[in-house]
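Student: File start01.txt below, compact mmCIF, C-alpha atoms and all ligand atoms:
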```
# COMPACT_ATOMS: atom_id res chain seq x y z
CA MET A 1 62.71 -45.31 0.19
CA PHE A 2 59.85 -47.80 0.14
CA LYS A 3 58.99 -46.82 -3.41
CA LYS A 4 62.59 -47.34 -4.52
CA SER A 5 62.71 -50.88 -3.05
CA LEU A 6 59.39 -51.66 -4.67
CA ILE A 7 60.71 -50.57 -8.08
CA LEU A 8 63.85 -52.66 -7.52
CA PHE A 9 61.75 -55.66 -6.51
CA VAL A 10 59.43 -55.35 -9.51
CA SER A 11 62.38 -54.98 -11.91
CA ALA A 12 64.06 -58.07 -10.45
CA ALA A 13 60.82 -60.02 -10.77
CA ILE A 14 60.42 -58.97 -14.42
CA ILE A 15 64.03 -59.96 -15.22
CA PHE A 16 63.46 -63.32 -13.54
CA ILE A 17 60.26 -63.99 -15.51
CA VAL A 18 61.84 -62.97 -18.85
CA ALA A 19 64.91 -65.14 -18.14
CA SER A 20 62.71 -68.12 -17.23
CA ILE A 21 60.68 -67.77 -20.43
CA ALA A 22 63.90 -67.51 -22.50
CA GLN A 23 65.29 -70.62 -20.80
CA GLU A 24 62.02 -72.50 -21.32
CA SER A 25 61.93 -71.70 -25.02
CA SER A 26 65.55 -72.67 -25.64
CA LYS A 27 65.65 -75.92 -23.69
CA SER A 28 62.60 -77.82 -24.90
CA ILE A 29 63.25 -78.19 -28.62
CA MET A 30 63.64 -81.57 -30.23
CA SER A 31 66.79 -81.48 -32.30
CA THR A 32 66.60 -82.10 -36.06
CA GLU A 33 69.75 -83.75 -37.35
CA GLU A 34 71.54 -83.14 -40.65
CA LYS A 35 73.07 -86.62 -40.59
CA VAL A 36 71.87 -90.11 -39.75
CA PRO A 37 73.56 -90.90 -36.42
CA ILE A 38 75.93 -93.86 -36.20
CA GLN A 39 74.26 -96.66 -34.24
CA PRO A 40 75.85 -97.67 -30.95
CA THR A 41 77.10 -101.25 -30.91
CA GLY A 42 76.58 -102.09 -27.23
CA LYS A 43 75.11 -100.85 -23.97
CA ILE A 44 76.07 -97.30 -22.99
CA THR A 45 76.64 -96.34 -19.38
CA LYS A 46 77.83 -92.94 -18.20
CA THR A 47 78.18 -91.17 -14.88
CA LYS A 48 75.78 -88.39 -13.88
CA GLN A 49 78.51 -85.83 -14.72
CA GLU A 50 79.12 -87.34 -18.16
CA TRP A 51 75.39 -87.27 -18.98
CA GLU A 52 75.13 -83.67 -17.78
CA LYS A 53 77.87 -82.70 -20.22
CA ILE A 54 76.14 -84.07 -23.31
CA LEU A 55 72.47 -83.42 -22.45
CA THR A 56 70.56 -80.19 -21.96
CA ALA A 57 69.10 -79.70 -18.47
CA GLU A 58 65.65 -80.67 -19.79
CA GLN A 59 66.98 -83.79 -21.56
CA PHE A 60 68.79 -84.81 -18.37
CA ARG A 61 65.66 -84.33 -16.26
CA ILE A 62 63.63 -86.53 -18.60
CA LEU A 63 66.11 -89.19 -19.78
CA ARG A 64 68.09 -89.66 -16.57
CA GLU A 65 65.55 -88.68 -13.90
CA ALA A 66 62.36 -90.04 -15.50
CA GLY A 67 60.84 -86.58 -15.82
CA THR A 68 57.96 -85.55 -18.06
CA GLU A 69 57.92 -82.57 -20.40
CA SER A 70 54.98 -80.15 -20.35
CA PRO A 71 52.11 -81.36 -22.52
CA ASN A 72 51.35 -79.42 -25.71
CA GLY A 73 54.74 -77.73 -25.44
CA LYS A 74 56.97 -76.40 -28.19
CA THR A 75 58.44 -79.85 -28.83
CA TYR A 76 55.00 -81.34 -29.38
CA LEU A 77 54.02 -78.60 -31.82
CA GLU A 78 57.28 -79.21 -33.67
CA PHE A 79 56.59 -82.97 -33.70
CA LYS A 80 53.14 -82.42 -35.18
CA LYS A 81 54.63 -80.38 -38.03
CA GLN A 82 57.42 -82.84 -38.87
CA GLY A 83 57.02 -84.93 -42.02
CA GLY A 84 58.41 -88.41 -42.60
CA GLY A 85 61.54 -89.47 -40.79
CA THR A 86 63.14 -91.44 -37.99
CA TYR A 87 63.45 -90.68 -34.30
CA TYR A 88 66.64 -91.52 -32.40
CA CYS A 89 67.51 -91.43 -28.70
CA ALA A 90 68.78 -87.94 -27.75
CA GLY A 91 71.13 -89.58 -25.26
CA CYS A 92 72.82 -92.30 -27.32
CA ASN A 93 71.57 -92.15 -30.96
CA THR A 94 69.76 -95.50 -30.95
CA GLU A 95 66.98 -95.75 -33.54
CA LEU A 96 63.69 -95.76 -31.59
CA PHE A 97 60.63 -94.66 -33.56
CA SER A 98 59.49 -94.01 -37.11
CA SER A 99 57.05 -91.47 -38.51
CA ALA A 100 55.32 -94.51 -40.10
CA HIS A 101 53.85 -95.31 -36.66
CA LYS A 102 53.08 -91.73 -35.64
CA PHE A 103 49.44 -90.89 -34.91
CA ASP A 104 47.55 -87.98 -33.44
CA SER A 105 46.32 -88.96 -30.00
CA HIS A 106 45.64 -85.33 -28.94
CA CYS A 107 47.30 -86.18 -25.62
CA GLY A 108 49.90 -83.42 -25.86
CA TRP A 109 52.92 -85.71 -26.24
CA PRO A 110 54.42 -87.38 -29.33
CA SER A 111 52.55 -90.68 -29.91
CA PHE A 112 53.55 -93.77 -31.86
CA TYR A 113 51.70 -97.08 -31.99
CA ASP A 114 54.87 -99.13 -32.39
CA GLY A 115 58.65 -98.92 -32.09
CA ALA A 116 60.87 -98.65 -35.20
CA ASN A 117 62.74 -101.64 -33.84
CA ASN A 118 61.20 -103.01 -30.65
CA LYS A 119 64.41 -104.65 -29.49
CA ASN A 120 65.74 -101.11 -28.96
CA LEU A 121 63.07 -100.48 -26.31
CA ILE A 122 62.83 -101.77 -22.74
CA LEU A 123 59.37 -102.00 -21.17
CA ARG A 124 59.05 -102.19 -17.40
CA ASP A 125 56.38 -101.83 -14.75
CA ASP A 126 56.15 -98.38 -13.24
CA ASN A 127 54.09 -97.95 -10.08
CA SER A 128 55.15 -94.36 -9.34
CA HIS A 129 52.70 -91.49 -8.70
CA GLY A 130 49.99 -93.93 -7.52
CA MET A 131 49.47 -95.34 -11.03
CA THR A 132 50.23 -98.66 -12.67
CA ARG A 133 51.91 -97.90 -15.96
CA THR A 134 54.47 -99.38 -18.34
CA GLU A 135 57.62 -97.32 -18.57
CA VAL A 136 59.44 -97.15 -21.93
CA LEU A 137 63.23 -96.87 -21.89
CA CYS A 138 65.98 -96.87 -24.49
CA ALA A 139 67.56 -100.37 -24.43
CA THR A 140 71.04 -98.98 -25.12
CA CYS A 141 71.42 -96.24 -22.48
CA GLU A 142 68.37 -97.02 -20.31
CA GLY A 143 67.21 -93.44 -20.73
CA HIS A 144 63.57 -92.83 -19.78
CA LEU A 145 61.47 -92.06 -22.87
CA GLY A 146 57.86 -92.15 -21.68
CA HIS A 147 55.09 -94.73 -21.16
CA LEU A 148 53.19 -97.35 -23.14
CA PHE A 149 49.39 -97.55 -22.91
CA LYS A 150 47.31 -100.35 -24.42
CA GLY A 151 43.68 -100.86 -25.34
CA GLU A 152 42.68 -97.20 -25.60
CA GLN A 153 40.78 -97.68 -28.88
CA TYR A 154 42.55 -94.94 -30.82
CA GLY A 155 41.91 -96.99 -33.93
CA ASN A 156 45.56 -97.66 -34.75
CA PRO A 157 46.54 -101.14 -36.04
CA ILE A 158 47.79 -102.64 -32.75
CA ASN A 159 45.76 -100.63 -30.24
CA GLN A 160 48.64 -99.19 -28.29
CA ARG A 161 50.20 -95.78 -27.66
CA PHE A 162 53.82 -95.06 -26.92
CA CYS A 163 53.50 -91.68 -25.18
CA ILE A 164 56.98 -90.22 -25.56
CA ASN A 165 58.75 -87.06 -24.41
CA GLY A 166 59.85 -85.23 -27.58
CA VAL A 167 62.89 -83.85 -25.78
CA ALA A 168 64.25 -87.41 -25.40
CA LEU A 169 64.32 -87.77 -29.21
CA LYS A 170 66.37 -86.55 -32.17
CA PHE A 171 64.63 -86.33 -35.53
CA VAL A 172 66.18 -87.20 -38.89
CA PRO A 173 63.97 -86.21 -41.85
CA LEU A 174 63.34 -88.82 -44.55
CA LYS A 175 65.25 -86.86 -47.21
CA ILE A 176 68.42 -87.21 -45.10
CA GLU A 177 67.69 -90.87 -44.30
CA GLU A 178 67.42 -91.60 -48.04
CA LYS A 179 70.90 -90.18 -48.69
CA LYS A 180 72.65 -92.69 -46.40
ZN ZN B 1 69.52 -94.15 -25.54
```
Show me, as structure tokens, the structure contained in the file I just sent.
Tutor:
Amino acid sequence: MFKKSLILFVSAAIIFIVASIAQESSKSIMSTEEKVPIQPTGKITKTKQEWEKILTAEQFRILREAGTESPNGKTYLEFKKQGGGTYYCAGCNTELFSSAHKFDSHCGWPSFYDGANNKNLILRDDNSHGMTRTEVLCATCEGHLGHLFKGEQYGNPINQRFCINGVALKFVPLKIEEKK
């Protein structure tokens, strides 16, 4: 009897672990678009339920709840492999970053030294988790993107690092951008 319950318990645990790994691998991929997204013309506000409908659970956790994706995750590896292109907000399609400003900070998250169009970004003080940081948000939907750090001497032209969650972005490769 004891042995049978143990087998059942072990099987359930294995199923749980496999399911968690499958969920992890499917939810944290930055989407690559086939088309250049149409730019929103004004501020976008949605209810929690509306955001949940259009975002994956991981995108919701990051964009709407100021979460952070795991460093050196699948999204980051994908980001490192991507060539030229533009990065848009995964929540509202606003143009946010360009591969022209991408640099390898080895921090485990996508890094840019500037915004593609800085008026599309909101910067605000973030004193959460006992740290003083600058939070970076999308100016159109106020989705949380990551943080901005300055003066780290990475050797980029303006000495700053936008440390961004890849899951909060959509990527459009240059070859598709050129067709528009
Ligand atoms: Zn947005």
Student: May I ask which of the residues A:Thr94, A:Asn159, A:Ser105, A:Asn165 is the closest one to ligand ZN 1 (chain B), counting all atoms listed in the file?
Tutor: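 Selected residue with least distance to ligand ZN 1 (chain B): A:Thr94.
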Student: Can you pull out every residue with an atom within 6 Å of ligand ZN 1 (chain B)? Use all atoms listed in the file and format it as an mmCIF file with C-alpha atoms, in the coordinates of the input.
Tutor:
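Result saved to result.cif:
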```
data_model
loop_
_atom_site.group_PDB
_atom_site.id
_atom_site.type_symbol
_atom_site.label_atom_id
_atom_site.label_comp_id
_atom_site.auth_asym_id
_atom_site.auth_seq_id
_atom_site.Cartn_x
_atom_site.Cartn_y
_atom_site.Cartn_z
ATOM 1 C CA CYS A 89 67.510 -91.430 -28.700
ATOM 2 C CA GLY A 91 71.130 -89.580 -25.260
ATOM 3 C CA CYS A 92 72.820 -92.300 -27.320
ATOM 4 C CA THR A 94 69.760 -95.500 -30.950
ATOM 5 C CA CYS A 138 65.980 -96.870 -24.490
ATOM 6 C CA THR A 140 71.040 -98.980 -25.120
ATOM 7 C CA CYS A 141 71.420 -96.240 -22.480
ATOM 8 C CA GLY A 143 67.210 -93.440 -20.730
#
```
Student: Using all atoms listed in the file, which protein or nucleic acid residues come within 7 Å of Ser99 (chain A)? Drop anything in the same chain fewer than 5 positions from it, and give the result as number ranges by chain.
Tutor: A: 84-86
Student: What is the distance between CA of Thr68 (chain A) and CA of Ile54 (chain A), in Å to one decimal?
Tutor: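 Separation between CA of Thr68 (chain A) and CA of Ile54 (chain A): 19.0 Å.
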Student: Which residue gives the smallest distance to Ala139 (chain A) among A:Gly155, A:Gly67, A:Gly83, A:Gly115, with all atoms listed in the file counted?
Tutor: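 Among A:Gly155, A:Gly67, A:Gly83, A:Gly115, it is A:Gly115 that comes nearest to Ala139 (chain A).
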Student: Of the residues A:Ser5, A:Thr45, A:Thr134, A:Gln59, which is the one nearest to Leu121 (chain A), using all atoms listed in the file?
Tutor: A:Thr134
Student: What would the list of residues within 12 Å of (52.9, -99.0, -13.3) (file frame) look like as a list in words, if all atoms listed in the file are what count?
Tutor: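 In the file's frame, the residues around the point are Leu123, Arg124, Asp125, Asp126, Asn127, Ser128, His129, Gly130, Met131, Thr132, Arg133, Thr134, Glu135, Val136, Gly146, His147, Leu148 and Phe149 of chain A.
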